[in-house]
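Below is final.csv, which holds CSV, C-alpha atoms and all ligand atoms.
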chain,number,residue,atom,x,y,z
Y,1,MET,CA,8.9,8.3,-11.3
Y,2,SER,CA,12.7,8.2,-11.0
Y,3,THR,CA,14.8,6.3,-13.5
Y,4,SER,CA,16.8,4.7,-10.6
Y,5,PHE,CA,13.6,3.0,-9.4
Y,6,LEU,CA,12.8,1.8,-12.9
Y,7,ASN,CA,16.3,0.5,-13.4
Y,8,ALA,CA,16.1,-1.3,-10.0
Y,9,MET,CA,13.0,-3.0,-11.2
Y,10,GLY,CA,14.6,-3.9,-14.5
Y,11,ILE,CA,12.4,-1.6,-16.6
Y,12,GLN,CA,13.9,0.2,-19.6
Y,13,THR,CA,10.9,2.2,-20.6
Y,14,TRP,CA,7.9,3.0,-18.5
Y,15,GLU,CA,4.5,4.4,-19.5
Y,16,LEU,CA,2.3,4.7,-16.4
Y,17,ARG,CA,-1.2,3.7,-17.2
Y,18,LYS,CA,-3.0,6.7,-15.7
Y,19,PRO,CA,-6.7,6.3,-14.8
Y,20,THR,CA,-8.6,7.3,-17.9
Y,21,CYS,CA,-11.4,8.8,-15.8
Y,22,ALA,CA,-12.3,9.1,-12.2
Y,23,GLN,CA,-14.9,6.5,-11.3
Y,24,PRO,CA,-17.3,6.7,-8.4
Y,25,TRP,CA,-16.1,4.5,-5.5
Y,26,GLU,CA,-18.6,1.7,-5.9
Y,27,GLU,CA,-18.0,1.6,-9.6
Y,28,LEU,CA,-14.2,1.4,-9.0
Y,29,GLN,CA,-14.8,-1.5,-6.6
Y,30,LYS,CA,-16.7,-3.3,-9.3
Y,31,THR,CA,-14.1,-2.6,-11.9
Y,32,VAL,CA,-11.4,-4.0,-9.7
Y,33,SER,CA,-13.4,-7.1,-8.9
Y,34,ARG,CA,-13.8,-7.9,-12.6
Y,35,CYS,CA,-10.2,-6.9,-13.6
Y,36,THR,CA,-8.2,-9.3,-15.8
Y,37,ALA,CA,-5.6,-6.7,-16.9
Y,38,CYS,CA,-2.7,-8.8,-15.7
Y,39,SER,CA,-2.1,-12.6,-15.3
Y,40,LEU,CA,-2.7,-12.5,-11.5
Y,41,HIS,CA,-6.4,-12.8,-12.2
Y,42,LYS,CA,-5.8,-16.4,-13.2
Y,43,THR,CA,-4.5,-17.4,-9.8
Y,44,ARG,CA,-6.5,-15.2,-7.4
Y,45,THR,CA,-9.4,-16.4,-5.2
Y,46,GLN,CA,-10.8,-12.9,-5.3
Y,47,THR,CA,-9.6,-9.3,-5.6
Y,48,VAL,CA,-8.7,-7.4,-2.4
Y,49,PHE,CA,-9.8,-3.8,-2.9
Y,50,GLY,CA,-9.2,-2.3,0.5
Y,51,VAL,CA,-10.9,-1.8,3.8
Y,52,GLY,CA,-11.8,1.0,6.1
Y,53,ASN,CA,-13.3,4.5,6.0
Y,54,PRO,CA,-13.2,6.1,2.5
Y,55,GLN,CA,-13.2,9.5,4.3
Y,56,ALA,CA,-10.1,8.5,6.4
Y,57,LYS,CA,-7.4,11.0,7.3
Y,58,LEU,CA,-4.8,8.2,7.2
Y,59,MET,CA,-4.3,5.7,4.4
Y,60,VAL,CA,-2.0,2.7,4.9
Y,61,ILE,CA,-0.6,1.2,1.7
Y,62,GLY,CA,1.0,-2.2,1.6
Y,63,GLU,CA,2.3,-4.4,-1.2
Y,64,ALA,CA,-0.1,-7.1,-2.2
Y,65,PRO,CA,-2.5,-9.6,-0.8
Y,66,GLY,CA,-1.1,-12.7,0.8
Y,67,PHE,CA,-2.7,-16.1,1.4
Y,68,TYR,CA,-5.2,-15.1,4.0
Y,69,GLU,CA,-6.0,-11.8,2.3
Y,70,ASP,CA,-6.7,-13.7,-0.9
Y,71,GLN,CA,-9.0,-16.0,1.0
Y,72,LYS,CA,-10.9,-13.3,2.9
Y,73,GLY,CA,-10.9,-10.5,0.4
Y,74,GLU,CA,-9.5,-8.1,3.0
Y,75,PRO,CA,-6.0,-6.6,3.3
Y,76,PHE,CA,-3.8,-7.3,6.3
Y,77,VAL,CA,-5.5,-10.3,8.0
Y,78,GLY,CA,-3.7,-13.2,9.7
Y,79,ARG,CA,-0.7,-12.6,12.0
Y,80,ALA,CA,0.6,-9.7,10.0
Y,81,GLY,CA,-2.8,-8.0,10.1
Y,82,GLN,CA,-3.0,-8.5,13.9
Y,83,LEU,CA,0.4,-6.9,14.3
Y,84,LEU,CA,-0.7,-4.0,12.0
Y,85,ASP,CA,-3.8,-3.5,14.2
Y,86,ALA,CA,-1.5,-3.5,17.3
Y,87,MET,CA,0.8,-1.0,15.7
Y,88,LEU,CA,-2.2,1.3,14.8
Y,89,ALA,CA,-3.6,0.8,18.3
Y,90,ALA,CA,-0.3,2.1,19.7
Y,91,ILE,CA,-1.1,5.5,18.2
Y,92,GLY,CA,-4.8,5.4,19.0
Y,93,LEU,CA,-6.1,4.2,15.6
Y,94,ASP,CA,-8.0,1.2,14.4
Y,95,ARG,CA,-8.7,-0.1,10.9
Y,96,LYS,CA,-12.3,1.1,10.9
Y,97,THR,CA,-11.2,4.7,11.1
Y,98,ILE,CA,-8.4,4.6,8.5
Y,99,TYR,CA,-8.2,3.1,5.0
Y,100,ILE,CA,-6.0,0.2,4.1
Y,101,ALA,CA,-5.1,-0.8,0.6
Y,102,ASN,CA,-2.3,-2.5,-1.4
Y,103,ILE,CA,-0.4,-1.7,-4.5
Y,104,LEU,CA,-1.7,-4.9,-6.1
Y,105,LYS,CA,-5.3,-6.1,-5.7
Y,106,CYS,CA,-4.5,-9.7,-6.5
Y,107,ARG,CA,-2.2,-12.1,-4.7
Y,108,PRO,CA,1.1,-12.9,-6.5
Y,109,PRO,CA,1.7,-16.7,-6.4
Y,110,ASN,CA,3.7,-17.8,-3.4
Y,111,ASN,CA,3.7,-14.1,-2.2
Y,112,ARG,CA,6.6,-13.2,-4.6
Y,113,ASP,CA,7.4,-9.6,-5.2
Y,114,PRO,CA,5.1,-7.8,-7.7
Y,115,LEU,CA,6.4,-7.8,-11.3
Y,116,PRO,CA,6.8,-4.4,-13.0
Y,117,GLU,CA,4.0,-5.1,-15.5
Y,118,GLU,CA,1.7,-6.0,-12.6
Y,119,VAL,CA,2.5,-2.8,-10.8
Y,120,ALA,CA,2.0,-0.8,-14.0
Y,121,GLN,CA,-1.4,-2.4,-14.7
Y,122,CYS,CA,-2.8,-2.3,-11.1
Y,123,THR,CA,-1.6,1.0,-9.6
Y,124,PRO,CA,-4.1,3.2,-11.5
Y,125,PHE,CA,-6.6,1.7,-9.1
Y,126,LEU,CA,-4.6,2.8,-6.1
Y,127,ILE,CA,-4.1,6.2,-7.6
Y,128,GLN,CA,-7.9,6.5,-8.0
Y,129,GLN,CA,-8.3,5.4,-4.4
Y,130,ILE,CA,-5.9,8.0,-3.1
Y,131,SER,CA,-7.6,10.7,-5.2
Y,132,PHE,CA,-11.0,9.7,-3.9
Y,133,ILE,CA,-10.0,9.5,-0.2
Y,134,GLN,CA,-7.6,12.5,-0.2
Y,135,PRO,CA,-6.0,11.4,3.0
Y,136,LYS,CA,-4.0,13.9,5.1
Y,137,LEU,CA,-1.2,11.3,5.5
Y,138,LEU,CA,0.0,8.2,3.7
Y,139,LEU,CA,1.8,5.4,5.6
Y,140,ALA,CA,3.6,3.0,3.3
Y,141,VAL,CA,4.4,-0.3,5.0
Y,142,GLY,CA,7.2,-2.2,3.4
Y,143,ARG,CA,9.9,-1.5,0.9
Y,144,ILE,CA,7.9,-2.2,-2.2
Y,145,ALA,CA,5.1,0.3,-1.2
Y,146,GLY,CA,7.6,2.9,-0.2
Y,147,GLN,CA,9.7,2.6,-3.3
Y,148,TYR,CA,6.6,2.8,-5.5
Y,149,LEU,CA,5.1,5.8,-3.8
Y,150,LEU,CA,8.5,7.6,-3.7
Y,151,GLY,CA,9.6,6.6,-7.1
Y,152,SER,CA,12.8,5.6,-5.5
Y,153,ALA,CA,15.1,2.6,-5.2
Y,154,LEU,CA,16.2,3.4,-1.7
Y,155,SER,CA,16.3,0.7,1.0
Y,156,LEU,CA,13.6,0.8,3.6
Y,157,GLY,CA,16.2,1.8,6.2
Y,158,LYS,CA,16.9,5.0,4.1
Y,159,MET,CA,13.2,5.8,3.5
Y,160,ARG,CA,11.9,5.4,7.1
Y,161,ASN,CA,11.8,7.9,9.9
Y,162,THR,CA,11.4,10.8,7.4
Y,163,ILE,CA,8.4,12.8,6.1
Y,164,HIS,CA,8.3,12.5,2.3
Y,165,HIS,CA,5.6,13.5,0.0
Y,166,TYR,CA,3.5,11.7,-2.6
Y,167,GLU,CA,2.2,14.4,-4.9
Y,168,ASN,CA,1.3,16.9,-2.2
Y,169,THR,CA,0.4,14.4,0.5
Y,170,PRO,CA,2.8,13.7,3.3
Y,171,LEU,CA,4.1,10.2,3.3
Y,172,ILE,CA,5.9,8.1,5.9
Y,173,VAL,CA,7.5,4.8,5.2
Y,174,THR,CA,7.9,2.0,7.8
Y,175,TYR,CA,8.4,-1.7,8.1
Y,176,HIS,CA,5.8,-4.2,6.8
Y,177,PRO,CA,4.3,-6.1,9.7
Y,178,ALA,CA,5.2,-9.5,8.0
Y,179,TYR,CA,8.8,-8.3,8.1
Y,180,LEU,CA,8.5,-7.4,11.8
Y,181,LEU,CA,7.2,-10.8,12.6
Y,182,ARG,CA,10.4,-12.2,11.2
Y,183,ASN,CA,12.6,-9.5,12.7
Y,184,PRO,CA,11.1,-8.4,16.0
Y,185,ARG,CA,14.1,-6.4,17.0
Y,186,ASP,CA,13.1,-3.7,14.4
Y,187,LYS,CA,9.7,-3.2,16.2
Y,188,ASP,CA,11.3,-0.3,18.2
Y,189,LYS,CA,12.1,1.5,14.9
Y,190,ALA,CA,8.6,0.8,13.6
Y,191,PHE,CA,7.2,2.4,16.7
Y,192,LEU,CA,9.3,5.5,16.2
Y,193,ASP,CA,7.9,5.7,12.6
Y,194,LEU,CA,4.4,5.4,14.0
Y,195,GLN,CA,5.0,8.1,16.6
Y,196,LEU,CA,6.2,10.3,13.7
Y,197,ALA,CA,3.0,9.4,11.8
Y,198,TYR,CA,0.9,10.3,14.9
Y,199,ARG,CA,2.6,13.7,15.3
Y,200,THR,CA,2.4,14.5,11.6
Y,201,LEU,CA,-1.2,13.5,11.4
Y,202,HIS,CA,-2.2,15.6,14.4
Y,203,SER,CA,-0.2,18.6,13.1
Y,204,LEU,CA,-2.3,18.4,9.9
Y,205,LEU,CA,-5.8,18.2,11.4
Y,301,LIG,S1,-3.4,-7.4,-9.9
Y,301,LIG,FE1,-4.6,-5.6,-10.4
Y,301,LIG,S2,-4.2,-5.3,-12.7
Y,301,LIG,FE2,-3.8,-7.5,-12.1
Y,301,LIG,S3,-5.7,-8.6,-12.5
Y,301,LIG,FE3,-5.6,-8.0,-10.3
Y,301,LIG,S4,-6.7,-6.1,-10.2
Y,301,LIG,FE4,-6.2,-6.4,-12.3
Structure encoded using structure tokens:
Amino acid sequence: MSTSFLNAMGIQTWELRKPTCAQPWEELQKTVSRCTACSLHKTRTQTVFGVGNPQAKLMVIGEAPGFYEDQKGEPFVGRAGQLLDAMLAAIGLDRKTIYIANILKCRPPNNRDPLPEEVAQCTPFLIQQISFIQPKLLLAVGRIAGQYLLGSALSLGKMRNTIHHYENTPLIVTYHPAYLLRNPRDKDKAFLDLQLAYRTLHSLL
């Protein structure tokens, strides 16, 4: 993880809490549902593990559950979820065939940005999910997810429309659908990113 990213998050020292051992999928789900490793467990309605096909070729990674996700226990529901579904449909995909997860499994109060200690505590779960699914392509939606997976402090505009790598897995970064709801003029750029994701995914199959 780059020091520029850590500095941008206000972290002087960083010790990533690696998964101590790989857990089977169902056990990992149970571990997450009972997790109290950071203070977000006090305010959540429920954890939001992820949704979709654990054998998916494409894994979409967002930031954290919002209000509706916290209520329903599923990532990307509500208007942002509908827009994500429409974005996926534009490249012939739906949420049943891919896998969708967030960096944080519990909702930050008032949808604030994740705190560094929350990211440090929670991301071992995401790392285990990625290791288990072994997707061909990762699609990070939003600045926070892109910066975490890239270990970078770059703006979203600098990260998007490029094929990066997380470990050895190709990674594309695009706008979060909640941002696109507020800034619809950037939908054209998001569509370009999705077309890049489509071409990349099909070149890898
Ligand atoms: S956000 Fe992650 S680390 Fe924090 S309590 Fe929820 S599951 Fe545990």
Against ligand LIG 301 (chain Y), which residues of chain Y fall within 8 Å? For each one I want the closest pair of atoms and the distance in Å (one decimal), counting all atoms listed in the file, rows by chain and increasing residue number, as a tab-separated table.
residue	atom	partner	partner_atom	distance
Y:Val32	CA	Y:LIG301	S4	5.2
Y:Ser33	CA	Y:LIG301	S4	6.9
Y:Arg34	CA	Y:LIG301	S4	7.7
Y:Cys35	CA	Y:LIG301	FE4	4.2
Y:Thr36	CA	Y:LIG301	S3	4.2
Y:Ala37	CA	Y:LIG301	S2	4.6
Y:Cys38	CA	Y:LIG301	FE2	4.0
Y:Ser39	CA	Y:LIG301	S3	6.1
Y:Leu40	CA	Y:LIG301	S3	5.0
Y:His41	CA	Y:LIG301	S3	4.3
Y:Lys42	CA	Y:LIG301	S3	7.8
Y:Arg44	CA	Y:LIG301	FE3	7.8
Y:Thr47	CA	Y:LIG301	FE3	6.3
Y:Leu104	CA	Y:LIG301	S1	4.9
Y:Lys105	CA	Y:LIG301	S4	4.7
Y:Cys106	CA	Y:LIG301	S1	4.2
Y:Arg107	CA	Y:LIG301	S1	7.1
Y:Pro108	CA	Y:LIG301	S1	7.9
Y:Glu118	CA	Y:LIG301	FE2	5.7
Y:Val119	CA	Y:LIG301	S2	7.4
Y:Ala120	CA	Y:LIG301	S2	7.8
Y:Gln121	CA	Y:LIG301	S2	4.5
Y:Cys122	CA	Y:LIG301	S2	3.7
Y:Thr123	CA	Y:LIG301	FE1	7.3
Y:Phe125	CA	Y:LIG301	FE1	7.7
Can you check which parts of range 21-107 of chain Y lie within 9 Å of range 177-189 of chain Y? Per residue, the shortest pair of atoms and distance in Å to one decimal, counting all atoms listed in the file, sorted by chain and number, as JSON lines.
{"residue": "Y:Phe76", "atom": "CA", "partner": "Y:Pro177", "partner_atom": "CA", "distance": 8.9}
{"residue": "Y:Arg79", "atom": "CA", "partner": "Y:Ala178", "partner_atom": "CA", "distance": 7.8}
{"residue": "Y:Ala80", "atom": "CA", "partner": "Y:Ala178", "partner_atom": "CA", "distance": 5.0}
{"residue": "Y:Gly81", "atom": "CA", "partner": "Y:Pro177", "partner_atom": "CA", "distance": 7.4}
{"residue": "Y:Gln82", "atom": "CA", "partner": "Y:Pro177", "partner_atom": "CA", "distance": 8.8}
{"residue": "Y:Leu83", "atom": "CA", "partner": "Y:Pro177", "partner_atom": "CA", "distance": 6.1}
{"residue": "Y:Leu84", "atom": "CA", "partner": "Y:Pro177", "partner_atom": "CA", "distance": 5.9}
{"residue": "Y:Met87", "atom": "CA", "partner": "Y:Pro177", "partner_atom": "CA", "distance": 8.6}
Atom pair CA of Asp70 in chain Y / CA of Thr31 in chain Y: separation (Å):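 These two atoms are separated by 17.3 Å.
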Length of the CA of Gln71 in chain Y to CA of Lys96 in chain Y vector [Å]: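 Between these atoms lies a distance of 20.0 Å.
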Neighbour list for Ser155 in chain Y as a ChimeraX atom specification, cut-off 12 Å, all atoms listed in the file, skip fewer than 6 positions in-chain: /Y:5,8,142-148,173-175
Selected residue of minimal separation from Leu192 in chain Y among Y:Leu126, Y:Ile172, Y:Leu28, Y:Leu149, counting all atoms listed in the file: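 Smallest distance to Leu192 in chain Y is found for Y:Ile172.
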Residue among Y:Lys158, Y:His164, Y:Arg199, Y:Lys57 lying closest to Ile100 in chain Y, counting all atoms listed in the file: Y:Lys57
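Our summary of the geometry notes that CA of Gly73 in chain Y is positioned 24.4 Å from CA of Leu137 in chain Y.
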Non-local contacts of Asn168 in chain Y (12 Å; only C-alpha atoms; under 5 positions in same chain excluded) as JSON, numbers by chain: {"Y": [130, 131, 134, 135, 136, 137, 138, 149, 150, 163]}
Residue with smallest distance to Arg112 in chain Y - pool Y:Pro24, Y:Gly52, Y:Gly157, Y:Pro65, counting all atoms listed in the file: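 Closest to Arg112 in chain Y of all the choices is Y:Pro65.
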Spatial sel., origin (-11.1, 1.4, 3.8), limit 7 Å, only C-alpha atoms, listed as a PyMOL selection string: chain Y and resi 50-54+98-100
Who sits within 10 Å of Gly78 in chain Y, all atoms listed in the file, same chain under 6 positions skipped, as number ranges by chain: Y: 66-69, 72, 84, 178
Selected residue of minimal separation from Ile91 in chain Y among Y:Tyr166, Y:Trp25, Y:Phe49, Y:Phe191, counting all atoms listed in the file: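 Closest to Ile91 in chain Y, using all atoms listed in the file: Y:Phe191.
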Residue nearest Ile61 in chain Y - candidates Y:Leu154, Y:Leu171, Y:Ala140, Y:Ala197, atoms counted: only C-alpha atoms: Y:Ala140
Generate the coordinates of N, CA and C atoms for range 108-134 of chain Y; report them as a PDB file, keeping the file's coordinate frame.
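After the write, out.pdb holds the following:
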ATOM      1  N   PRO Y 108       0.078 -12.273  -5.662  1.00  0.00           N
ATOM      2  CA  PRO Y 108       1.100 -12.900  -6.500  1.00  0.00           C
ATOM      3  C   PRO Y 108       1.333 -14.350  -5.982  1.00  0.00           C
ATOM      4  N   PRO Y 109       1.477 -15.319  -6.868  1.00  0.00           N
ATOM      5  CA  PRO Y 109       1.700 -16.700  -6.400  1.00  0.00           C
ATOM      6  C   PRO Y 109       2.866 -16.805  -5.452  1.00  0.00           C
ATOM      7  N   ASN Y 110       2.675 -17.556  -4.391  1.00  0.00           N
ATOM      8  CA  ASN Y 110       3.700 -17.800  -3.400  1.00  0.00           C
ATOM      9  C   ASN Y 110       4.210 -16.461  -2.750  1.00  0.00           C
ATOM     10  N   ASN Y 111       3.387 -15.441  -2.819  1.00  0.00           N
ATOM     11  CA  ASN Y 111       3.700 -14.100  -2.200  1.00  0.00           C
ATOM     12  C   ASN Y 111       5.026 -13.545  -2.772  1.00  0.00           C
ATOM     13  N   ARG Y 112       5.343 -13.825  -4.027  1.00  0.00           N
ATOM     14  CA  ARG Y 112       6.600 -13.200  -4.600  1.00  0.00           C
ATOM     15  C   ARG Y 112       6.358 -11.732  -4.764  1.00  0.00           C
ATOM     16  N   ASP Y 113       7.482 -11.021  -5.006  1.00  0.00           N
ATOM     17  CA  ASP Y 113       7.400  -9.600  -5.200  1.00  0.00           C
ATOM     18  C   ASP Y 113       6.561  -9.285  -6.474  1.00  0.00           C
ATOM     19  N   PRO Y 114       5.836  -8.168  -6.481  1.00  0.00           N
ATOM     20  CA  PRO Y 114       5.100  -7.800  -7.700  1.00  0.00           C
ATOM     21  C   PRO Y 114       6.049  -7.596  -8.875  1.00  0.00           C
ATOM     22  N   LEU Y 115       5.592  -8.014 -10.063  1.00  0.00           N
ATOM     23  CA  LEU Y 115       6.400  -7.800 -11.300  1.00  0.00           C
ATOM     24  C   LEU Y 115       6.078  -6.358 -11.784  1.00  0.00           C
ATOM     25  N   PRO Y 116       7.036  -5.751 -12.484  1.00  0.00           N
ATOM     26  CA  PRO Y 116       6.800  -4.400 -13.000  1.00  0.00           C
ATOM     27  C   PRO Y 116       5.547  -4.230 -13.788  1.00  0.00           C
ATOM     28  N   GLU Y 117       5.234  -5.229 -14.641  1.00  0.00           N
ATOM     29  CA  GLU Y 117       4.000  -5.100 -15.500  1.00  0.00           C
ATOM     30  C   GLU Y 117       2.760  -5.168 -14.624  1.00  0.00           C
ATOM     31  N   GLU Y 118       2.815  -5.934 -13.535  1.00  0.00           N
ATOM     32  CA  GLU Y 118       1.700  -6.000 -12.600  1.00  0.00           C
ATOM     33  C   GLU Y 118       1.453  -4.668 -11.923  1.00  0.00           C
ATOM     34  N   VAL Y 119       2.573  -4.079 -11.482  1.00  0.00           N
ATOM     35  CA  VAL Y 119       2.500  -2.800 -10.800  1.00  0.00           C
ATOM     36  C   VAL Y 119       1.938  -1.736 -11.798  1.00  0.00           C
ATOM     37  N   ALA Y 120       2.426  -1.781 -13.042  1.00  0.00           N
ATOM     38  CA  ALA Y 120       2.000  -0.800 -14.000  1.00  0.00           C
ATOM     39  C   ALA Y 120       0.488  -0.948 -14.326  1.00  0.00           C
ATOM     40  N   GLN Y 121       0.001  -2.186 -14.369  1.00  0.00           N
ATOM     41  CA  GLN Y 121      -1.400  -2.400 -14.700  1.00  0.00           C
ATOM     42  C   GLN Y 121      -2.324  -2.068 -13.511  1.00  0.00           C
ATOM     43  N   CYS Y 122      -1.853  -2.333 -12.300  1.00  0.00           N
ATOM     44  CA  CYS Y 122      -2.800  -2.300 -11.100  1.00  0.00           C
ATOM     45  C   CYS Y 122      -2.748  -0.892 -10.437  1.00  0.00           C
ATOM     46  N   THR Y 123      -1.639  -0.178 -10.468  1.00  0.00           N
ATOM     47  CA  THR Y 123      -1.600   1.000  -9.600  1.00  0.00           C
ATOM     48  C   THR Y 123      -2.523   2.157 -10.048  1.00  0.00           C
ATOM     49  N   PRO Y 124      -3.046   2.201 -11.294  1.00  0.00           N
ATOM     50  CA  PRO Y 124      -4.100   3.200 -11.500  1.00  0.00           C
ATOM     51  C   PRO Y 124      -5.268   3.078 -10.583  1.00  0.00           C
ATOM     52  N   PHE Y 125      -5.552   1.860 -10.123  1.00  0.00           N
ATOM     53  CA  PHE Y 125      -6.600   1.700  -9.100  1.00  0.00           C
ATOM     54  C   PHE Y 125      -6.275   2.360  -7.824  1.00  0.00           C
ATOM     55  N   LEU Y 126      -5.033   2.133  -7.390  1.00  0.00           N
ATOM     56  CA  LEU Y 126      -4.600   2.800  -6.100  1.00  0.00           C
ATOM     57  C   LEU Y 126      -4.584   4.280  -6.262  1.00  0.00           C
ATOM     58  N   ILE Y 127      -4.137   4.757  -7.412  1.00  0.00           N
ATOM     59  CA  ILE Y 127      -4.100   6.200  -7.600  1.00  0.00           C
ATOM     60  C   ILE Y 127      -5.516   6.788  -7.525  1.00  0.00           C
ATOM     61  N   GLN Y 128      -6.469   6.066  -8.080  1.00  0.00           N
ATOM     62  CA  GLN Y 128      -7.900   6.500  -8.000  1.00  0.00           C
ATOM     63  C   GLN Y 128      -8.344   6.477  -6.524  1.00  0.00           C
ATOM     64  N   GLN Y 129      -7.943   5.449  -5.790  1.00  0.00           N
ATOM     65  CA  GLN Y 129      -8.300   5.400  -4.400  1.00  0.00           C
ATOM     66  C   GLN Y 129      -7.783   6.549  -3.592  1.00  0.00           C
ATOM     67  N   ILE Y 130      -6.509   6.858  -3.825  1.00  0.00           N
ATOM     68  CA  ILE Y 130      -5.900   8.000  -3.100  1.00  0.00           C
ATOM     69  C   ILE Y 130      -6.600   9.290  -3.491  1.00  0.00           C
ATOM     70  N   SER Y 131      -6.896   9.451  -4.790  1.00  0.00           N
ATOM     71  CA  SER Y 131      -7.600  10.700  -5.200  1.00  0.00           C
ATOM     72  C   SER Y 131      -8.950  10.813  -4.614  1.00  0.00           C
ATOM     73  N   PHE Y 132      -9.634   9.683  -4.475  1.00  0.00           N
ATOM     74  CA  PHE Y 132     -11.000   9.700  -3.900  1.00  0.00           C
ATOM     75  C   PHE Y 132     -10.915  10.031  -2.405  1.00  0.00           C
ATOM     76  N   ILE Y 133     -10.057   9.325  -1.698  1.00  0.00           N
ATOM     77  CA  ILE Y 133     -10.000   9.500  -0.200  1.00  0.00           C
ATOM     78  C   ILE Y 133      -9.377  10.796   0.177  1.00  0.00           C
ATOM     79  N   GLN Y 134      -8.382  11.229  -0.584  1.00  0.00           N
ATOM     80  CA  GLN Y 134      -7.600  12.500  -0.200  1.00  0.00           C
ATOM     81  C   GLN Y 134      -7.201  12.449   1.214  1.00  0.00           C
TER      82      GLN Y 134
END
